[in-house]
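Undergrad: Following this line is coords-v9.txt, made up of compact mmCIF, C-alpha atoms:
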# COMPACT_ATOMS: atom_id res chain seq x y z
CA MET A 1 0.00 0.00 0.00
CA ARG A 2 1.31 3.52 -0.79
CA GLU A 3 2.31 5.76 2.10
CA LEU A 4 1.17 9.35 2.67
CA THR A 5 1.78 11.94 5.30
CA TYR A 6 -1.06 12.66 7.70
CA ALA A 7 -1.54 16.11 6.09
CA ALA A 8 -1.66 14.61 2.60
CA ALA A 9 -4.20 12.02 3.74
CA VAL A 10 -6.49 14.77 5.05
CA ALA A 11 -6.08 16.71 1.79
CA GLU A 12 -6.88 13.58 -0.23
CA ALA A 13 -10.07 13.01 1.75
CA LEU A 14 -11.16 16.61 1.18
CA ARG A 15 -10.41 16.46 -2.54
CA GLU A 16 -12.27 13.17 -2.99
CA GLU A 17 -15.31 14.39 -1.07
CA MET A 18 -15.41 17.68 -2.99
CA GLU A 19 -15.21 15.76 -6.25
CA ARG A 20 -17.92 13.32 -5.10
CA ASP A 21 -20.42 15.85 -3.75
CA GLU A 22 -20.73 19.38 -5.07
CA LYS A 23 -22.45 20.46 -1.83
CA VAL A 24 -19.12 20.15 0.01
CA PHE A 25 -17.22 23.45 0.32
CA ARG A 26 -14.44 24.81 2.50
CA ILE A 27 -14.22 28.08 4.34
CA GLY A 28 -11.75 29.48 6.84
CA GLU A 29 -8.17 30.43 7.48
CA ASP A 30 -4.95 29.30 5.80
CA ILE A 31 -6.60 27.20 3.12
CA GLY A 32 -4.58 26.45 0.02
CA GLY A 33 -0.86 26.15 -0.26
CA VAL A 34 -0.40 27.28 3.35
CA ARG A 35 -1.57 24.20 5.21
CA GLU A 36 -2.57 21.48 2.76
CA ALA A 37 -0.31 19.12 0.84
CA ASP A 38 -2.46 19.57 -2.28
CA ASP A 39 -3.61 22.93 -3.55
CA LEU A 40 -7.36 22.57 -3.24
CA PHE A 41 -7.60 26.35 -3.25
CA ALA A 42 -6.41 26.55 -6.86
CA GLU A 43 -8.69 23.76 -8.06
CA PHE A 44 -11.94 24.70 -6.35
CA GLN A 45 -11.40 28.36 -5.58
CA LYS A 46 -14.08 29.90 -7.75
CA HIS A 47 -17.10 28.68 -5.80
CA ARG A 48 -16.06 26.16 -3.19
CA VAL A 49 -12.93 27.27 -1.31
CA TRP A 50 -13.23 30.55 0.56
CA GLN A 51 -10.12 31.92 2.19
CA THR A 52 -11.22 34.34 4.91
CA PRO A 53 -9.73 36.97 7.17
CA ILE A 54 -9.25 36.08 10.83
CA SER A 55 -12.97 36.20 11.63
CA GLU A 56 -13.88 32.85 13.20
CA SER A 57 -17.27 33.87 14.54
CA GLY A 58 -18.29 35.23 11.12
CA PHE A 59 -17.27 32.38 8.84
CA THR A 60 -18.34 29.71 11.34
CA GLY A 61 -21.76 31.32 11.56
CA LEU A 62 -21.98 31.46 7.78
CA ALA A 63 -21.13 27.75 7.61
CA VAL A 64 -23.77 26.84 10.21
CA GLY A 65 -26.39 28.62 8.15
CA ALA A 66 -25.20 26.99 4.93
CA ALA A 67 -25.31 23.55 6.55
CA ALA A 68 -28.83 24.15 7.82
CA LYS A 69 -29.83 24.92 4.20
CA GLY A 70 -28.39 21.65 2.90
CA LEU A 71 -24.75 22.34 2.02
CA ARG A 72 -21.85 20.45 3.64
CA PRO A 73 -19.23 22.98 4.75
CA VAL A 74 -15.81 22.13 6.14
CA VAL A 75 -14.63 24.99 8.35
CA ASP A 76 -10.92 25.55 8.89
CA ILE A 77 -10.03 27.20 12.19
CA MET A 78 -6.29 27.82 12.23
CA TYR A 79 -5.74 26.98 15.91
CA CYS A 80 -8.11 25.10 18.19
CA ASP A 81 -7.68 27.88 20.74
CA PHE A 82 -9.45 30.25 18.34
CA VAL A 83 -12.73 28.31 18.54
CA SER A 84 -13.42 30.24 21.73
CA VAL A 85 -14.58 33.25 19.70
CA ALA A 86 -17.00 31.05 17.75
CA MET A 87 -18.46 29.07 20.65
CA ASP A 88 -21.93 30.57 20.25
CA GLN A 89 -22.04 29.46 16.62
CA ILE A 90 -20.71 25.98 17.48
CA CYS A 91 -22.23 25.11 20.85
CA ASN A 92 -25.33 27.28 21.00
CA GLN A 93 -26.35 27.05 17.34
CA ALA A 94 -24.84 24.18 15.33
CA ALA A 95 -25.07 21.68 18.18
CA LYS A 96 -28.71 22.53 19.03
CA ILE A 97 -30.48 23.16 15.73
CA ALA A 98 -31.30 19.52 15.01
CA LEU A 99 -32.38 18.90 18.61
CA MET A 100 -34.55 22.03 18.82
CA SER A 101 -36.18 21.45 15.41
CA GLY A 102 -37.19 17.90 16.28
CA GLY A 103 -34.71 16.61 13.73
CA SER A 104 -36.31 18.46 10.83
CA VAL A 105 -33.19 20.62 10.25
CA LYS A 106 -29.83 18.87 9.97
CA VAL A 107 -26.45 20.58 10.27
CA PRO A 108 -23.90 18.54 8.25
CA LEU A 109 -20.89 20.61 9.29
CA VAL A 110 -17.25 19.72 9.92
CA ILE A 111 -15.05 22.03 11.98
CA LYS A 112 -11.48 21.07 11.26
CA THR A 113 -8.82 22.47 13.56
CA PRO A 114 -5.21 21.74 14.50
CA ALA A 115 -4.56 21.47 18.23
CA GLY A 116 -2.07 20.38 20.81
CA SER A 117 1.31 21.41 22.10
CA GLY A 118 4.91 20.59 21.28
CA THR A 119 5.41 23.27 18.63
CA ARG A 120 6.56 25.95 21.11
CA GLU A 121 3.78 28.43 20.27
CA GLY A 122 2.69 29.55 23.72
CA GLY A 123 -0.59 29.76 25.55
CA HIS A 124 -2.80 31.04 22.71
CA HIS A 125 -1.75 28.41 20.16
CA SER A 126 -1.21 25.14 22.05
CA GLY A 127 -4.55 24.18 23.55
CA SER A 128 -6.12 20.72 23.69
CA HIS A 129 -9.80 21.57 24.03
CA GLU A 130 -11.65 18.38 23.11
CA ALA A 131 -13.41 18.30 26.49
CA TRP A 132 -15.19 21.60 25.67
CA PHE A 133 -16.94 19.84 22.80
CA MET A 134 -17.45 16.49 24.52
CA HIS A 135 -19.51 18.36 27.09
CA THR A 136 -21.85 19.79 24.45
CA PRO A 137 -24.84 17.64 23.43
CA GLY A 138 -25.22 17.47 19.66
CA LEU A 139 -21.53 17.52 18.72
CA LYS A 140 -19.36 14.60 17.64
CA VAL A 141 -15.61 14.72 18.35
CA VAL A 142 -12.95 12.81 16.41
CA MET A 143 -9.16 12.80 16.90
CA PRO A 144 -7.34 10.55 14.40
CA ALA A 145 -3.77 9.43 15.14
CA THR A 146 -2.70 7.80 11.85
CA PRO A 147 -2.76 8.96 8.21
CA ALA A 148 -5.22 6.19 7.26
CA ASP A 149 -7.61 7.21 10.03
CA ALA A 150 -7.13 10.88 9.18
CA LYS A 151 -8.47 10.17 5.71
CA GLY A 152 -11.18 7.73 6.73
CA LEU A 153 -12.54 9.83 9.58
CA MET A 154 -12.56 13.02 7.51
CA LYS A 155 -14.63 11.34 4.80
CA SER A 156 -17.05 9.94 7.40
CA ALA A 157 -17.28 13.31 9.14
CA ILE A 158 -18.18 15.08 5.90
CA ARG A 159 -20.90 12.52 5.16
CA ASP A 160 -22.35 12.72 8.68
CA ASP A 161 -25.59 14.68 9.00
CA GLY A 162 -24.58 16.39 12.25
CA PRO A 163 -21.79 18.77 13.31
CA VAL A 164 -18.42 17.04 13.79
CA ILE A 165 -15.36 18.57 15.47
CA TYR A 166 -12.30 17.15 13.70
CA ILE A 167 -9.16 17.75 15.79
CA GLN A 168 -5.74 17.06 14.27
CA HIS A 169 -2.58 17.37 16.36
CA ARG A 170 0.00 19.51 14.55
CA LEU A 171 2.87 17.15 15.37
CA LEU A 172 1.08 14.43 13.39
CA HIS A 173 1.02 16.37 10.11
CA PRO A 174 4.44 15.18 8.81
CA THR A 175 4.09 11.60 10.05
CA THR A 176 3.70 8.95 7.37
CA GLY A 177 1.82 5.67 7.10
CA PRO A 178 -0.09 3.42 4.71
CA VAL A 179 -3.31 4.96 3.41
CA PRO A 180 -5.86 3.06 1.29
CA GLU A 181 -6.66 4.60 -2.07
CA GLY A 182 -10.20 5.51 -3.04
CA ASP A 183 -13.29 5.48 -0.89
CA HIS A 184 -11.73 4.59 2.49
CA LEU A 185 -14.10 5.37 5.36
CA VAL A 186 -13.57 4.87 9.11
CA PRO A 187 -16.84 4.85 11.07
CA LEU A 188 -17.27 7.51 13.75
CA GLY A 189 -17.27 5.90 17.18
CA GLU A 190 -15.15 2.85 16.46
CA ALA A 191 -11.89 2.39 18.41
CA LYS A 192 -8.96 0.32 17.18
CA VAL A 193 -6.45 -1.84 19.04
CA GLN A 194 -3.13 -0.49 17.77
CA ARG A 195 -1.13 -2.95 19.84
CA PRO A 196 -2.58 -6.03 21.59
CA GLY A 197 -1.54 -6.81 25.16
CA THR A 198 -2.68 -8.67 28.26
CA GLN A 199 -1.61 -6.78 31.40
CA VAL A 200 -2.84 -3.20 31.09
CA THR A 201 -5.02 -1.20 28.68
CA VAL A 202 -3.70 2.22 27.72
CA ALA A 203 -6.41 4.24 25.96
CA ALA A 204 -5.63 7.42 24.05
CA ALA A 205 -6.40 9.41 20.92
CA SER A 206 -4.47 11.61 18.50
CA TYR A 207 -0.78 12.23 19.25
CA ALA A 208 -1.05 10.73 22.74
CA THR A 209 -1.56 7.37 21.00
CA ILE A 210 1.87 7.70 19.39
CA LYS A 211 3.48 8.31 22.78
CA CYS A 212 1.59 5.35 24.28
CA LEU A 213 2.86 3.08 21.52
CA ALA A 214 6.41 4.25 22.22
CA ALA A 215 5.91 3.50 25.91
CA ALA A 216 4.57 0.03 25.10
CA ARG A 217 7.62 -0.68 22.95
CA GLU A 218 9.92 0.46 25.75
CA LEU A 219 8.19 -1.96 28.16
CA GLU A 220 8.33 -4.88 25.75
CA GLY A 221 9.48 -8.02 27.57
CA GLU A 222 8.61 -6.45 30.92
CA ILE A 223 4.89 -5.55 30.74
CA ASP A 224 2.47 -6.58 27.99
CA VAL A 225 0.64 -3.33 27.16
CA GLU A 226 -2.48 -3.06 25.03
CA VAL A 227 -2.82 0.31 23.28
CA LEU A 228 -6.38 1.22 22.35
CA ASP A 229 -6.68 4.11 19.90
CA LEU A 230 -10.08 5.64 20.66
CA ARG A 231 -10.17 7.64 17.37
CA SER A 232 -13.58 9.13 18.34
CA LEU A 233 -14.36 10.60 21.76
CA VAL A 234 -18.01 11.25 20.88
CA PRO A 235 -19.41 8.76 20.15
CA LEU A 236 -17.12 6.75 22.44
CA ASP A 237 -16.53 3.06 21.70
CA LEU A 238 -17.39 1.82 25.18
CA LYS A 239 -17.75 -1.75 23.89
CA ALA A 240 -14.11 -1.80 22.77
CA LEU A 241 -12.98 -0.23 26.06
CA LEU A 242 -14.79 -2.86 28.12
CA ALA A 243 -13.52 -5.68 25.93
CA SER A 244 -9.94 -4.49 26.40
CA VAL A 245 -10.29 -3.92 30.16
CA GLY A 246 -11.95 -7.31 30.44
CA LYS A 247 -8.77 -8.81 29.03
CA THR A 248 -6.21 -6.79 30.98
CA GLY A 249 -8.04 -5.75 34.19
CA ARG A 250 -6.33 -2.35 34.23
CA LEU A 251 -7.02 0.98 32.51
CA LEU A 252 -4.79 3.99 32.01
CA VAL A 253 -6.19 6.89 29.94
CA VAL A 254 -3.60 9.30 28.52
CA HIS A 255 -4.18 12.74 27.00
CA ASP A 256 -2.39 16.06 26.61
CA ALA A 257 -5.34 18.16 27.79
CA PRO A 258 -5.46 19.13 31.47
CA GLU A 259 -6.41 16.22 33.69
CA ARG A 260 -9.08 18.20 35.56
CA ALA A 261 -12.55 17.50 34.08
CA GLY A 262 -10.93 16.13 30.95
CA ALA A 263 -11.78 13.35 28.51
CA GLY A 264 -9.98 10.84 30.72
CA ALA A 265 -12.26 11.53 33.67
CA GLU A 266 -15.31 10.87 31.51
CA ILE A 267 -13.84 7.68 30.04
CA VAL A 268 -12.98 6.34 33.50
CA ARG A 269 -16.50 7.21 34.67
CA ARG A 270 -18.07 5.25 31.84
CA VAL A 271 -15.84 2.21 32.38
CA ALA A 272 -16.38 2.27 36.15
CA GLN A 273 -20.15 2.50 35.68
CA HIS A 274 -20.44 -0.26 33.12
CA GLY A 275 -17.44 -2.50 33.83
CA TRP A 276 -16.48 -2.13 37.47
CA GLU A 277 -16.29 -5.90 37.90
CA LEU A 278 -13.67 -6.08 35.12
CA LEU A 279 -11.17 -3.88 36.95
CA GLN A 280 -8.43 -5.51 39.03
CA ALA A 281 -6.94 -2.13 40.03
CA PRO A 282 -8.20 1.47 40.23
CA PRO A 283 -8.35 3.08 36.76
CA ARG A 284 -6.11 6.06 36.27
CA VAL A 285 -5.83 9.19 34.09
CA LEU A 286 -2.50 10.66 33.03
CA GLY A 287 -3.20 14.10 31.57
CA GLY A 288 -1.69 17.54 31.25
CA ARG A 289 -1.14 19.95 34.11
CA ASN A 290 -3.74 22.60 34.90
CA ILE A 291 -1.83 25.53 33.50
CA ALA A 292 -1.73 27.65 30.32
CA MET A 293 0.98 26.37 28.01
CA PRO A 294 4.32 28.23 28.38
CA TYR A 295 6.68 29.14 25.51
CA SER A 296 9.72 27.60 27.17
CA PRO A 297 10.41 24.17 25.57
CA PRO A 298 11.37 22.39 28.82
CA LEU A 299 8.38 23.90 30.63
CA GLU A 300 6.05 22.96 27.78
CA ASP A 301 7.32 19.37 27.87
CA TRP A 302 6.81 19.35 31.64
CA CYS A 303 3.15 20.33 31.22
CA ILE A 304 2.07 17.29 29.23
CA PRO A 305 2.69 13.55 29.65
CA GLN A 306 5.81 12.34 27.87
CA THR A 307 6.68 8.76 26.98
CA GLN A 308 8.71 8.31 30.16
CA ASP A 309 5.76 9.51 32.26
CA ILE A 310 3.54 6.92 30.60
CA VAL A 311 6.13 4.20 31.19
CA ALA A 312 6.34 5.16 34.87
CA ALA A 313 2.54 5.21 35.27
CA ILE A 314 2.20 1.77 33.69
CA ARG A 315 4.88 0.34 35.96
CA GLU A 316 3.11 1.74 39.03
CA MET A 317 -0.20 0.24 37.94
CA VAL A 318 1.17 -3.22 37.25
CA ALA A 319 3.55 -3.44 40.22
How does the structure come out when it is put into structure tokens?
TA:
Amino acid sequence: MRELTYAAAVAEALREEMERDEKVFRIGEDIGGVREADDLFAEFQKHRVWQTPISESGFTGLAVGAAAKGLRPVVDIMYCDFVSVAMDQICNQAAKIALMSGGSVKVPLVIKTPAGSGTREGGHHSGSHEAWFMHTPGLKVVMPATPADAKGLMKSAIRDDGPVIYIQHRLLHPTTGPVPEGDHLVPLGEAKVQRPGTQVTVAAASYATIKCLAAARELEGEIDVEVLDLRSLVPLDLKALLASVGKTGRLLVVHDAPERAGAGAEIVRRVAQHGWELLQAPPRVLGGRNIAMPYSPPLEDWCIPQTQDIVAAIREMVA
């Protein structure tokens, strides 16, 4: 199978969906040769790729209205931190329209945004805000970790009839991996075992999955670690989580976002509620510190779990 970078896989999904369905259009910041591997801006510019000023509340609101009228917009917000100025459009409008109209008005909208730290860009450009959206009824949240899933989840998100928040960690963009050609779709809400194991389940999404796999490799021969790539946080594949915990008896959830009230807390709650009898040890969350991200590289690294932190947490849980 040919290999693509994560960024190229996302661009391929967008191109294929725009070619397949003329209702798909893109609007937002840094579209074109700035962020994408392929120049979709040049090909579809006339009617279907709108490069905007920095005006997130305006173009997100336009996209919500367009989606409600039957189009399928993909909104590009340059940094996940910038969604805060468009929260009314996302959480108070897009997420509620279908619910408040009794399902008569659908909002097939994708909000695509890079997130995460590690690029030394400070507190306004390094946020991991998936929990904001997980807390909002009516939104789906996906966080692919591999190029193949980046393509497959983008295509599924565009075809979904509800608003989907598509979060891509910036450090994943240059990573490479096998990507199926053609109509490759990954269902929303389906986790994947990236590495089978028997002694502890480590669940993660996005770039945290890559660090968990590195930790599992480091522990090879010492502790048999299963790495479960959640891929979607809403809907959450609880069945896969329980199946994995049923095999290992232990659960560690890892994410870069602050630990307090984060995705990990919700995942542990769901597993404890539905699979308490499967656990042989208390489940644990390893997340980021409750602090705005600093510019300083060593301080930034200190704020989020690194591979060695994951290794140490696994050893403590299995000891």
Undergrad: Could you give me, as a VMD selection string, the residues within 10 Å of Leu238 in chain A, counting only C-alpha atoms and dropping anything in the same chain fewer than 6 positions from it?
TA: chain A and resid 189 to 191 230 244 267 270 to 271 274 to 275
Undergrad: Of the candidates A:Arg120, A:Lys239, A:Ala216, A:Tyr166, which one gets nearest to Tyr295 in chain A if we count all atoms listed in the file?
TA: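 The answer is A:Arg120, which sits nearest to Tyr295 in chain A.
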Undergrad: Tell me which protein, DNA and RNA residues are within 12 Å of Leu241 in chain A, counting all atoms listed in the file, leaving out same-chain ones fewer than 4 positions away, and put them as number ranges by chain.
TA: A: 189-193, 200-204, 226-230, 233, 236-237, 245-253, 267-272, 274-275, 278-279
Undergrad: Just the number, please: distance in Å from CA of Val318 in chain A to CA of Arg231 in chain A, one decimal.
TA: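 Atom-to-atom, CA of Val318 in chain A and CA of Arg231 in chain A are spaced 25.3 Å apart.
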Undergrad: Would you mind listing what lies within 8 Å of Ala86 in chain A as a ChimeraX atom specification, with only C-alpha atoms counted and same-chain residues fewer than 2 positions away left out?
TA: /A:56-58,60-61,82-84,88-90
Undergrad: Would you mind telling me which residue in A:Ala98, A:Met1, A:Cys91, A:Val142 lies nearest to Pro187 in chain A when using only C-alpha atoms?
TA: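 Once distances to Pro187 in chain A are computed over only C-alpha atoms, the minimum belongs to A:Val142.
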Undergrad: Closest to Leu286 in chain A among A:Leu242, A:Val254, A:Met154, A:Met317, using all atoms listed in the file?
TA: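 Distance minimum relative to Leu286 in chain A lands on A:Val254.
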Undergrad: Neighbours of Ile223 in chain A within 9 Å (all atoms listed in the file; same-chain residues fewer than 2 positions away dropped), as an MDAnalysis selection string?
TA: chainID A and resid 197:200 216 219:221 225 314:315 318
Undergrad: Between CA of Ile27 in chain A and CA of His173 in chain A, what is the distance, to one decimal in Å?
TA: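 Separation of CA of Ile27 in chain A and CA of His173 in chain A: 20.1 Å.
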Undergrad: Could the centre and edge lengths of an axis-aligned box, enclosing all atoms of range 141-148 of chain A in the file with 8 Å extra on each side, be given in Å to one decimal as AutoDock Vina command-line options?
TA:
--center_x -9.2 --center_y 10.5 --center_z 12.8 --size_x 28.9 --size_y 24.5 --size_z 27.1
Undergrad: Measuring between all atoms listed in the file, which one of A:Gly122, A:Gly288, A:Gly177, A:Gly162 shows the shortest distance to Ala145 in chain A?
TA: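 Between A:Gly122, A:Gly288, A:Gly177, A:Gly162, the residue approaching Ala145 in chain A most closely is A:Gly177.
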Undergrad: Please compute the CA of Leu139 in chain A-CA of Ile165 in chain A distance, one decimal, in Å.
TA: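 Pair CA of Leu139 in chain A / CA of Ile165 in chain A returns 7.1 Å.
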